[in-house]
Structure formats: structure tokens, C-alpha cells
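Read through the structure below, which is laid out as C-alpha cells, and then see the notes.
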Amino acid sequence: MKRSLISDLMKSDIVQTGVLIQGWVRTRRDSKGFSFIELNDGSSLKNMQVLADETLPGYNEVVLKLTTGSALAVEGDLINSPGAGQRWEIKARNIRVYDIAPESYPLQKKRHSDEYLRTIAHLRPRTNKYSAAFRIRSELAYGIHKFFKEKSFTYIHTPIITASDCEGAGQMFRVTTLEPTMQKPVDFTQDFFGKQSSLTVSGQLEAELFALALGNVYTFGPTFRAENSNTRRHAAEFWMIEPEMAFCDLSDNMSLAEELIKYVTAHVMEECPDDIDLFARFVEKDLTKQLEKIVGSEFVRLPYRDALLLIEKSGQTFEFEVPFGQDLQSEHEQFLTEDYFKKPVIVYNYPASIKPFYMRLNDDNETVAAMDVLVGRVGEIIGGSQREERLDVLERRMDECGLEKDSYWWYLDSRRFGSVPHSGFGLGFERLVMMVTGIANIRDVIPFPRTPKNIEF
RNA sequence: UCCCCAGUAGCUCAGUCGGUAGAGCAGAUGGCUGUUAACCAUCGGGUCCGUGGUUCGAGUCCGCGCUGGGGAGCCA
């Protein structure tokens with residue numbers, strides 16, 4: 001008999017005889033002469049209520065011994081449930097036990113704290129909240145590919161191991177086959193690649209090269225930062241989406257960022273209504289309103305200078321002041337997105353001094369064509385810019401940043417041979433999942449999070 | 001890396017003024033009921049994070065360490 005998914009059976013219009021479901025027991029309730037078993041197979045939040053009668057073979061030895069977490073196959077008939085609370089149930093004809101979970105099974109049929117579930121990350125996808133989170137994560141990933149496919153972007157796989165150091169994005173993890181040693185200097189000519197190499201902190205530079213060939217491209221892959229960040233929004237290994245578009249200026253870039261966020265948000269609201277509803281009820285009370293706002297309103301576009309003025313004139317007391325030339329603090333971002341505009345805000349034209357070399361210098365010679373998309377609760381979800389396409393300006397900026405130009409010869413070549421205006425950005429995938437679900441900690445939106453001092457599982 | 005908070009039963013947590021540990025859930029046993037995180041009764045269950053100190057006496061006070069969380073910075 002072919003296995004049916006509980007999610008499909010729940011949508012059935014008719015009673016069905018002879019169906020097979022397989023899954024894990026969430027709870028069992030006994031009555032005189034029969035038991036109810038709630039079975040979940042991960043296909044959706046919904047459990048199938050299984051009616052197990054005492055006439056079943058092995059009822060006393062098997063059914064009455066079933067514990068939360070046990071694995072079963074149930075053959076039976078899909079019938080209308082006479083009880084309140086569910087439309088369908090399965091009257092079992094045969095129950096096959098794969099495994100009885102012992103009493104040491106760590107998940108109970110009650111609410112656990114996120115902190116505890118993190119210590120059993122191998123089992124937490126069996127809970128409602130985490131199964132919902134990871135179904136949404138999957139659907140978001142699909143939505144992103146669908147968006148770019150519909151816009152005729154080409155999906156590029158940029159390298160994960162790289163030799164380009166200091167791409168402007170922080171500390172990198174070393175990749176080496178050399179034995180660990182405290183001895184210095186290390187002779188990297190003896191190493192696997194004959195050169196010092198690392199895990200990528202961004203696929204952007206490589207994506208730019210492909211944008212200057214294929215027009216519109218994007219990457220979607222893992223990214224690594226060896227920063228000692230201990231916050232709810234940073235992980236050492238995370239996934240990033242990086243579109244890169246030729247013949248595209250900062251304004252087009254912002255438009256695409258806004259369109260992408262709206263598209264994928266609407267996509268999961270459409271495809272995962274039950275899962276979203278769980279988060280709206282139990283995790284972030286305001287979630288539905290927030291998501292509707294994201295999908296339905298125009299994002300604010302605010303030059304950096306104007307952002308400073310707003311913060312100054314707000315009358316609010318902040319812990320930090322923001323003189324020109326410094327980045328906005330978290331509290332300022334929160335003020336803009338949560339208090340003042342109450343919707344996503346794109347801050348652009350930042351001072352060149354706080355942004356990396358590849359961002360295009362504006363005519364004022366002081367700011368660059370950078371943009372950050374800020375959303376409530378999560379903060380910076382996108383960072384991007386128009387890229388510096390003028391070779392002389394780019395080289396000057398690299399000098400100012402103290403970069404070794406020779407090792408970027410291939411990047412600079414793109415400005416020598418048919419250079420054009422182009423733009424792109426990086427979207428933090430985990431932060432997107434946080435935005436859409438209301439989950440507050442990045443460690444809870446990635447299956448097995450990597451953070452400082454944490455690499456279990 | 002800096003600042004703040006927490007660590008007590010398998011899980012969630014209470015523990016007063018420093019006087020020797022408790023509830024709910026989970027588990028086991030029995031009962032009841034087309035049940036809905038079922039319900040009722042009984043029972044078992046503790047390295048009070050570790051370490052040193054103060055004290056007649058420390059879960060409780062103090063020092064150090066470990067782990068977790070929140071905030072800040074770095075950013076996606």
C-alpha cells in the first residue's frame with residue numbers, strides 16, 4: 001500500500017478505505033475499549049487522529065504501550081470524525097510499530113523553551129514550532145528562486161573556498177591542509193592551494209564578473225564569518241542571496257530589493273498559511289499586521305543625511321549620538337523602522353569612510369551609492385550598493401583602504417574591458433526567515449546553528 | 001570582545017529573614033470518559049552548575065570559573 005501524507009488526507013473531500021500513513025506519535029489518549037493516537041508525519045502542522053480499537057491485533061501489547069515519539073505505520077480507513085476538533089480521522093485496521101520511544105525521550109507534549117530545544121537541535125524539528133519554521137524556510141528558498149526565474153536571472157554558484165582576502169566583510173575562516181602549528185611565519189606555498197585560503201565571506205566579487213557577462217545574475221549559498229559575534233542576529237555560517245545586475249543604478253537596485261522582499265513574503269503567506277498562523281498566535285502577536293504592511297506599503301527611501309536629521313529632531317534620547325561619518329546604531333534603526341515610519345526603510349548614500357572600496361563614489365566625493373534595507377525587529381536585512389565601475393576611482397579607493405591591488409587583477413580587469421554601471425546587494429536569508437516568522441533568535445531559524453563556541457551536531 | 005541577568009527533579013518553575021527542598025507537567029500503577037496539551041487518585045524521582053570562602057549552619061551571602069540568555073559592537 002502506498003504511503004499517504006497526512007497533509008493530503010486532511011484536504012480529502014471523500015472518505016477513503018485502505019490508506020497508509022507513517023509518522024511519529026505526539027500523544028495517546030485511552031478510553032475504555034479503544035485509544036486515540038495523534039500521529040504527525042511532518043507534512044504539516046496537523047496531526048491525524050487515529051482510532052485504535054481493542055479488537056486490533058496486539059492492542060494491549062502494542063497500542064497501550066505507545067509513547068510520545070514512537071514511530072508507527074497505520075493502515076486503515078479515512079472516515080469522518082464524529083468528535084469535535086477535526087474533520088477526518090483514521091480508523092486503524094493494522095498498526096505496525098517501528099520503534100517505541102523510551103521514557104527518556106526528551107520531547108514532551110508541552111511547550112519547551114527555545115534554549116532547551118537548542119540543546120537538542122537534532123530532535124527539535126519534531127516540534128510544531130520548528131517543523132513550521134523549517135517548512136517556511138524551505139518555501140522561502142523556493143520563492144527566491146521563483147522570483148529570479150520569473151525575472152530571467154541566472155543562478156551562479158560562486159566559490160566557497162577563496163584566496164581573496166579582505167573583501168571588506170570581516171574575519172575569515174582559514175582553509176588549510178597544513179598541520180596546526182604555532183610556528184610563524186607559516187609557509188603557505190606548502191599548503192594545498194599554495195596560497196593562503198579561506199571560506200568565502202561573500203560571492204559578490206565573482207558575481208559581479210558574471211553580471212558583466214550574463215547581465216542579471218544571483219547567488220544563493222552559504223557564507224562564513226569568523227567574527228566573535230554573540231547576538232541574536234549573527235551566525236558564523238549563514239546563507240546569503242546576492243543578486244548582481246549590469247546596467248543598473250542604485251535606484252533600480254533599491255527597487256529590486258523591495259520587490260524581492262515583498263514577493264517572497266507574499267509567497268509564504270500564500271503557501272504556508274497554517275505555519276504562519278502558528279507564529280502569529282504563539283510567537284509574534286503582531287506578525288500578520290507586520291507582514292501585510294511589508295507586502296502592502298511602499299518602503300521609505302531615506303538618504304543617510306536625512307536619517308541623521310530625523311534622529312536628531314526626534315526628541316528621543318538615545319544612548320549614542322550620530323555625527324556624520326558614523327554608522328547608525330541599532331537603536332536608531334529601531335527608531336526609524338518601528339517608531340517613526342513603522343515600515344521598512346531603505347537608508348542610502350552613506351559616507352564613503354564607513355563603507356567598502358567597491359561602492360560607487362557619489363559626485364559629492366564624500367558619500368557612496370550604498371543602501372541598507374532596514375526592517376522592524378530584525379534590523380539590517382539587506383546591504384548593497386551601486387558598484388564603482390570607473391577604474392581610476394576604484395584603484396584610488398583600494399589604495400585608500402590599503403588593499404593589495406595585484407591580487408585583485410581579475411576584478412580590476414572587469415573595469416578595463418567593457419566596464420558598465422552595475423549594482424547588487426546581499427540579503428541575509430536567516431534574517432529573512434526571522435522577519436517572516438517572528439522568531440527572535442537566528443539560532444532558531446537554521447537547522448544546526450554555528451556560533452562562537454558552538455558546533456555540536 | 002564589553003555590560004547586565006540567570007543556572008534548583010526528565011521539562012517549566014517556586015523556594016520568605018541563612019535553619020537542611022516543593023508544585024505543575026512528564027514517567028509508573030489504578031480508575032473514568034468519542035477523547036482533544038483529556039481527566040481523577042496513588043507512587044517513584046534531587047551532585048540545588050562547579051569550586052573556594054564567611055557561618056554553629058549556605059539552594060540562599062561573598063570570590064573565581066563554566067554554561068545559557070539579553071543588550072552593545074562587527075554585519076547579512
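By order in the C-alpha cells, chains are A, B, ...; within a chain, residues start at 1; ligands start at 1, following the order shown.
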
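Residue list for chain A within 6 Å of chain B: A:Lys110, A:Leu427, A:Gly428, counting only C-alpha atoms (C1' of nucleotides).
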
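Among the residues of range 202-342 of chain A, backbone DSSP assigns strand (DSSP E or B) to A:Asn216, A:Val217, A:Tyr218, A:Thr219, A:Phe220, A:Gly221, A:Pro222, A:Thr223, A:Phe224, A:Glu237, A:Phe238, A:Trp239, A:Met240, A:Ile241, A:Glu242, A:Pro243, A:Glu244, A:Met245, A:Ala246, A:Val300, A:Arg301, A:Leu302, A:Pro303.
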
Env of Gly379 in chain A: 12 Å cut, atoms = only C-alpha atoms (C1' of nucleotides), seq-sep filter 6 positions within chain, self excluded. Answer as a PDB file with N, CA and C atoms (P, O5', C5', C4', C3', O3' and C1' of nucleotides), in the first residue's frame.
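File produced: out05.pdb:
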ATOM      1  N   ARG A 232      21.574  37.829  18.813  1.00  0.00           N
ATOM      2  CA  ARG A 232      20.507  37.003  18.258  1.00  0.00           C
ATOM      3  C   ARG A 232      20.420  37.101  16.742  1.00  0.00           C
ATOM      4  N   ARG A 233      21.211  37.976  16.113  1.00  0.00           N
ATOM      5  CA  ARG A 233      21.097  38.072  14.664  1.00  0.00           C
ATOM      6  C   ARG A 233      22.373  37.720  13.902  1.00  0.00           C
ATOM      7  N   HIS A 234      23.355  37.121  14.565  1.00  0.00           N
ATOM      8  CA  HIS A 234      24.586  36.746  13.877  1.00  0.00           C
ATOM      9  C   HIS A 234      24.903  35.269  14.029  1.00  0.00           C
ATOM     10  N   LEU A 328      24.753  54.200  11.704  1.00  0.00           N
ATOM     11  CA  LEU A 328      23.614  54.246  12.613  1.00  0.00           C
ATOM     12  C   LEU A 328      23.749  53.138  13.637  1.00  0.00           C
ATOM     13  N   GLN A 329      23.320  53.413  14.846  1.00  0.00           N
ATOM     14  CA  GLN A 329      23.305  52.381  15.888  1.00  0.00           C
ATOM     15  C   GLN A 329      21.994  51.602  15.802  1.00  0.00           C
ATOM     16  N   SER A 330      21.987  50.441  16.418  1.00  0.00           N
ATOM     17  CA  SER A 330      20.768  49.621  16.418  1.00  0.00           C
ATOM     18  C   SER A 330      19.557  50.418  16.888  1.00  0.00           C
ATOM     19  N   GLU A 331      19.753  51.217  17.936  1.00  0.00           N
ATOM     20  CA  GLU A 331      18.633  51.975  18.488  1.00  0.00           C
ATOM     21  C   GLU A 331      18.081  52.980  17.472  1.00  0.00           C
ATOM     22  N   HIS A 332      18.948  53.499  16.600  1.00  0.00           N
ATOM     23  CA  HIS A 332      18.493  54.446  15.582  1.00  0.00           C
ATOM     24  C   HIS A 332      17.709  53.723  14.496  1.00  0.00           C
ATOM     25  N   GLU A 333      18.202  52.548  14.107  1.00  0.00           N
ATOM     26  CA  GLU A 333      17.473  51.748  13.122  1.00  0.00           C
ATOM     27  C   GLU A 333      16.085  51.404  13.640  1.00  0.00           C
ATOM     28  N   GLN A 334      16.035  51.008  14.916  1.00  0.00           N
ATOM     29  CA  GLN A 334      14.751  50.669  15.509  1.00  0.00           C
ATOM     30  C   GLN A 334      13.807  51.867  15.523  1.00  0.00           C
ATOM     31  N   PHE A 335      14.354  53.036  15.841  1.00  0.00           N
ATOM     32  CA  PHE A 335      13.539  54.246  15.857  1.00  0.00           C
ATOM     33  C   PHE A 335      12.905  54.478  14.480  1.00  0.00           C
ATOM     34  N   LEU A 336      13.717  54.336  13.436  1.00  0.00           N
ATOM     35  CA  LEU A 336      13.223  54.601  12.085  1.00  0.00           C
ATOM     36  C   LEU A 336      12.154  53.596  11.659  1.00  0.00           C
ATOM     37  N   THR A 337      12.426  52.304  11.887  1.00  0.00           N
ATOM     38  CA  THR A 337      11.519  51.282  11.350  1.00  0.00           C
ATOM     39  C   THR A 337      10.320  51.021  12.251  1.00  0.00           C
ATOM     40  N   GLU A 338      10.538  51.076  13.568  1.00  0.00           N
ATOM     41  CA  GLU A 338       9.462  50.668  14.481  1.00  0.00           C
ATOM     42  C   GLU A 338       8.673  51.840  15.045  1.00  0.00           C
ATOM     43  N   LYS A 343       7.450  50.925   9.080  1.00  0.00           N
ATOM     44  CA  LYS A 343       7.551  50.045   7.913  1.00  0.00           C
ATOM     45  C   LYS A 343       9.001  49.995   7.461  1.00  0.00           C
ATOM     46  N   PRO A 344       9.318  49.134   6.488  1.00  0.00           N
ATOM     47  CA  PRO A 344      10.716  49.027   6.065  1.00  0.00           C
ATOM     48  C   PRO A 344      11.258  50.355   5.540  1.00  0.00           C
ATOM     49  N   VAL A 345      12.517  50.605   5.851  1.00  0.00           N
ATOM     50  CA  VAL A 345      13.171  51.848   5.461  1.00  0.00           C
ATOM     51  C   VAL A 345      14.477  51.517   4.737  1.00  0.00           C
ATOM     52  N   ILE A 346      14.685  52.147   3.587  1.00  0.00           N
ATOM     53  CA  ILE A 346      15.954  51.983   2.875  1.00  0.00           C
ATOM     54  C   ILE A 346      16.775  53.247   3.069  1.00  0.00           C
ATOM     55  N   VAL A 347      17.863  53.127   3.806  1.00  0.00           N
ATOM     56  CA  VAL A 347      18.767  54.259   4.009  1.00  0.00           C
ATOM     57  C   VAL A 347      19.863  54.165   2.953  1.00  0.00           C
ATOM     58  N   ASP A 372      21.042  50.318   2.621  1.00  0.00           N
ATOM     59  CA  ASP A 372      20.718  49.259   3.567  1.00  0.00           C
ATOM     60  C   ASP A 372      19.203  49.204   3.703  1.00  0.00           C
ATOM     61  N   VAL A 373      18.640  48.005   3.608  1.00  0.00           N
ATOM     62  CA  VAL A 373      17.210  47.859   3.864  1.00  0.00           C
ATOM     63  C   VAL A 373      17.043  47.450   5.322  1.00  0.00           C
ATOM     64  N   GLY A 428      20.349  38.642   3.762  1.00  0.00           N
ATOM     65  CA  GLY A 428      20.601  37.596   4.744  1.00  0.00           C
ATOM     66  C   GLY A 428      19.400  36.676   4.850  1.00  0.00           C
ATOM     67  N   ARG A 431      17.914  36.081   8.330  1.00  0.00           N
ATOM     68  CA  ARG A 431      17.203  37.270   8.808  1.00  0.00           C
ATOM     69  C   ARG A 431      15.849  37.395   8.118  1.00  0.00           C
ATOM     70  N   LEU A 432      15.804  36.944   6.872  1.00  0.00           N
ATOM     71  CA  LEU A 432      14.523  36.929   6.165  1.00  0.00           C
ATOM     72  C   LEU A 432      13.553  35.955   6.846  1.00  0.00           C
ATOM     73  N   MET A 434      13.611  35.109   9.923  1.00  0.00           N
ATOM     74  CA  MET A 434      13.214  35.751  11.183  1.00  0.00           C
ATOM     75  C   MET A 434      12.116  36.782  10.940  1.00  0.00           C
ATOM     76  N   MET A 435      12.285  37.558   9.882  1.00  0.00           N
ATOM     77  CA  MET A 435      11.299  38.594   9.576  1.00  0.00           C
ATOM     78  C   MET A 435       9.920  37.977   9.320  1.00  0.00           C
ATOM     79  N   ALA A 440      12.847  35.248  17.109  1.00  0.00           N
ATOM     80  CA  ALA A 440      13.705  36.349  17.537  1.00  0.00           C
ATOM     81  C   ALA A 440      15.192  36.010  17.462  1.00  0.00           C
TER      82      ALA A 440
ATOM     83  P     C B  75      30.867  46.695   9.803  1.00  0.00           P
ATOM     84  O5'   C B  75      29.662  45.729   9.493  1.00  0.00           O
ATOM     85  C5'   C B  75      29.508  45.156   8.211  1.00  0.00           C
ATOM     86  C4'   C B  75      28.997  43.763   8.361  1.00  0.00           C
ATOM     87  C3'   C B  75      27.731  43.472   7.570  1.00  0.00           C
ATOM     88  O3'   C B  75      28.053  43.053   6.262  1.00  0.00           O
ATOM     89  C1'   C B  75      27.429  42.786   9.817  1.00  0.00           C
ATOM     90  P     A B  76      27.002  43.340   5.029  1.00  0.00           P
ATOM     91  O5'   A B  76      25.934  42.177   5.168  1.00  0.00           O
ATOM     92  C5'   A B  76      25.028  41.931   4.109  1.00  0.00           C
ATOM     93  C4'   A B  76      23.820  41.182   4.652  1.00  0.00           C
ATOM     94  C3'   A B  76      23.206  41.867   5.849  1.00  0.00           C
ATOM     95  O3'   A B  76      22.169  42.712   5.419  1.00  0.00           O
ATOM     96  C1'   A B  76      23.567  39.554   6.293  1.00  0.00           C
TER      97        A B  76
END

| message | One number please: CA of Asn94 in chain A to CA of Gly76 in chain A, in Å, one decimal. | response | 6.7 Å

| said: Please list as a list in words every residue within 7 Å of range 443-450 of chain A, counting only C-alpha atoms (C1' of nucleotides) and excluding residues in the same chain fewer than 3 positions away. | reply: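 In the requested form, the answer reads Ala121, Ala133, Ala235, Ala236, Glu237, Glu430, Val433, Met434, Asn454, Ile455 and Phe457 of chain A.
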
Requested write-out: all heavy atoms of the selected residues, as a CSV table (one decimal), in the first residue's frame:
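Wrote it out as result-v9.csv, contents follow:
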chain,number,residue,atom,x,y,z
A,121,ALA,N,19.0,20.1,19.3
A,121,ALA,CA,18.7,20.5,17.9
A,121,ALA,C,18.4,19.4,17.0
A,121,ALA,O,17.8,19.6,15.9
A,121,ALA,CB,19.8,21.4,17.4
A,133,ALA,N,8.8,26.3,11.2
A,133,ALA,CA,9.9,27.2,10.8
A,133,ALA,C,10.6,26.6,9.6
A,133,ALA,O,11.0,27.4,8.7
A,133,ALA,CB,10.8,27.4,12.0
A,235,ALA,N,25.4,34.7,12.9
A,235,ALA,CA,25.8,33.3,13.0
A,235,ALA,C,27.1,33.2,12.2
A,235,ALA,O,27.4,34.1,11.3
A,235,ALA,CB,24.8,32.3,12.4
A,236,ALA,N,28.0,32.2,12.5
A,236,ALA,CA,29.3,32.1,11.8
A,236,ALA,C,29.1,31.5,10.4
A,236,ALA,O,29.9,31.7,9.5
A,236,ALA,CB,30.2,31.3,12.6
A,237,GLU,N,28.0,30.7,10.3
A,237,GLU,CA,27.7,30.2,9.0
A,237,GLU,C,26.2,30.5,8.6
A,237,GLU,O,25.3,30.2,9.4
A,237,GLU,CB,27.8,28.6,9.0
A,237,GLU,CG,27.4,27.9,7.8
A,237,GLU,CD,27.6,26.4,7.9
A,237,GLU,OE1,28.7,25.9,8.0
A,237,GLU,OE2,26.5,25.7,8.0
A,430,GLU,N,18.7,34.0,6.7
A,430,GLU,CA,18.2,33.7,8.1
A,430,GLU,C,17.4,34.9,8.6
A,430,GLU,O,16.4,34.7,9.3
A,430,GLU,CB,19.3,33.3,9.0
A,430,GLU,CG,19.8,31.9,8.9
A,430,GLU,CD,20.6,31.7,7.6
A,430,GLU,OE1,21.1,32.6,7.0
A,430,GLU,OE2,20.6,30.5,7.1
A,433,VAL,N,14.1,34.8,7.2
A,433,VAL,CA,13.2,33.8,7.9
A,433,VAL,C,12.7,34.4,9.2
A,433,VAL,O,11.6,34.2,9.6
A,433,VAL,CB,13.9,32.5,8.1
A,433,VAL,CG1,13.0,31.5,8.8
A,433,VAL,CG2,14.5,31.9,6.8
A,434,MET,N,13.6,35.1,9.9
A,434,MET,CA,13.2,35.8,11.2
A,434,MET,C,12.1,36.8,10.9
A,434,MET,O,11.1,36.9,11.7
A,434,MET,CB,14.4,36.4,11.8
A,434,MET,CG,15.5,35.5,12.4
A,434,MET,SD,17.0,36.3,12.8
A,434,MET,CE,16.6,37.1,14.3
A,454,ASN,N,30.2,27.0,19.6
A,454,ASN,CA,29.0,26.1,19.4
A,454,ASN,C,29.0,25.5,18.1
A,454,ASN,O,28.7,26.1,17.1
A,454,ASN,CB,27.7,26.9,19.6
A,454,ASN,CG,26.5,26.0,19.6
A,454,ASN,OD1,26.6,24.8,19.4
A,454,ASN,ND2,25.4,26.5,20.0
A,455,ILE,N,29.4,24.2,18.0
A,455,ILE,CA,29.4,23.5,16.7
A,455,ILE,C,29.0,22.0,17.0
A,455,ILE,O,29.3,21.1,16.2
A,455,ILE,CB,30.8,23.5,16.0
A,455,ILE,CG1,30.7,23.0,14.6
A,455,ILE,CG2,31.9,22.7,16.8
A,455,ILE,CD1,31.8,23.5,13.7
A,457,PHE,N,26.4,18.9,16.8
A,457,PHE,CA,25.5,18.4,15.8
A,457,PHE,C,26.2,18.5,14.4
A,457,PHE,O,26.2,19.6,13.8
A,457,PHE,CB,24.2,19.0,15.7
A,457,PHE,CG,23.5,19.0,17.1
A,457,PHE,CD1,23.4,20.2,17.8
A,457,PHE,CD2,23.0,17.9,17.6
A,457,PHE,CE1,22.8,20.2,19.1
A,457,PHE,CE2,22.4,17.9,18.9
A,457,PHE,CZ,22.3,19.0,19.6

| query | Skipping near chain neighbours, those fewer than 2 positions away, what residues fall within 12 Å of Glu312 in chain A using only C-alpha atoms (C1' of nucleotides), listed as an NGL selection string? | reply | :A and (305-310 or 314-318 or 320-324 or 328 or 332 or 335-336)

Produce a file of the selected residues containing N, CA, C and O atoms, as a short mmCIF file (atom, residue, chain, number, x, y, z; two decimals), in the first residue's frame.
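This went into part14.cif:
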data_model
loop_
_atom_site.label_atom_id
_atom_site.label_comp_id
_atom_site.auth_asym_id
_atom_site.auth_seq_id
_atom_site.Cartn_x
_atom_site.Cartn_y
_atom_site.Cartn_z
N ARG A 305 21.89 61.41 5.24
CA ARG A 305 21.87 62.73 5.89
C ARG A 305 20.50 63.03 6.49
O ARG A 305 20.40 63.57 7.60
N ASP A 306 19.45 62.66 5.75
CA ASP A 306 18.10 62.93 6.26
C ASP A 306 17.79 62.04 7.45
O ASP A 306 17.08 62.44 8.37
N ALA A 307 18.33 60.82 7.44
CA ALA A 307 18.14 59.93 8.58
C ALA A 307 18.73 60.55 9.83
O ALA A 307 18.11 60.54 10.90
N LEU A 308 19.91 61.13 9.68
CA LEU A 308 20.55 61.79 10.83
C LEU A 308 19.68 62.93 11.36
O LEU A 308 19.48 63.08 12.56
N LEU A 309 19.14 63.74 10.43
CA LEU A 309 18.29 64.85 10.84
C LEU A 309 17.07 64.37 11.61
O LEU A 309 16.70 64.93 12.64
N LEU A 310 16.44 63.31 11.07
CA LEU A 310 15.25 62.75 11.73
C LEU A 310 15.56 62.30 13.15
O LEU A 310 14.81 62.53 14.08
N SER A 314 14.10 63.97 16.60
CA SER A 314 13.06 63.09 17.11
C SER A 314 12.63 63.45 18.53
O SER A 314 11.53 63.14 18.96
N GLY A 315 13.51 64.14 19.25
CA GLY A 315 13.20 64.45 20.63
C GLY A 315 13.41 63.26 21.55
O GLY A 315 13.23 63.37 22.76
N GLN A 316 13.78 62.14 20.96
CA GLN A 316 14.05 60.96 21.79
C GLN A 316 15.48 61.01 22.31
O GLN A 316 16.36 61.58 21.67
N THR A 317 15.67 60.43 23.46
CA THR A 317 17.04 60.36 23.97
C THR A 317 17.63 59.01 23.58
O THR A 317 17.04 57.96 23.82
N PHE A 318 18.76 59.05 22.94
CA PHE A 318 19.47 57.84 22.55
C PHE A 318 20.74 57.71 23.36
O PHE A 318 21.27 58.71 23.86
N PHE A 320 23.51 56.75 22.05
CA PHE A 320 24.61 57.23 21.22
C PHE A 320 24.14 58.37 20.32
O PHE A 320 23.03 58.36 19.81
N GLU A 321 25.02 59.33 20.11
CA GLU A 321 24.77 60.35 19.12
C GLU A 321 25.28 59.83 17.78
O GLU A 321 26.09 58.93 17.73
N VAL A 322 24.81 60.45 16.69
CA VAL A 322 25.33 60.05 15.39
C VAL A 322 25.84 61.26 14.62
O VAL A 322 25.10 61.90 13.90
N PRO A 323 27.10 61.58 14.80
CA PRO A 323 27.66 62.63 13.96
C PRO A 323 27.91 62.07 12.57
O PRO A 323 28.06 60.86 12.42
N PHE A 324 27.93 62.96 11.56
CA PHE A 324 28.18 62.49 10.20
C PHE A 324 29.49 61.73 10.14
O PHE A 324 30.46 62.13 10.75
N LEU A 328 24.75 54.20 11.70
CA LEU A 328 23.61 54.25 12.61
C LEU A 328 23.75 53.14 13.64
O LEU A 328 24.23 52.06 13.34
N HIS A 332 18.95 53.50 16.60
CA HIS A 332 18.49 54.45 15.58
C HIS A 332 17.71 53.72 14.50
O HIS A 332 16.69 54.22 14.02
N PHE A 335 14.35 53.04 15.84
CA PHE A 335 13.54 54.25 15.86
C PHE A 335 12.90 54.48 14.48
O PHE A 335 11.71 54.74 14.37
N LEU A 336 13.72 54.34 13.44
CA LEU A 336 13.22 54.60 12.08
C LEU A 336 12.15 53.60 11.66
O LEU A 336 11.10 53.98 11.14
#

| query | Just how far from CA of Gly143 in chain A is CA of Ile160 in chain A, in Å to one decimal? | reply |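 Atom-to-atom, CA of Ile160 in chain A to CA of Gly143 in chain A, that is 23.2 Å.
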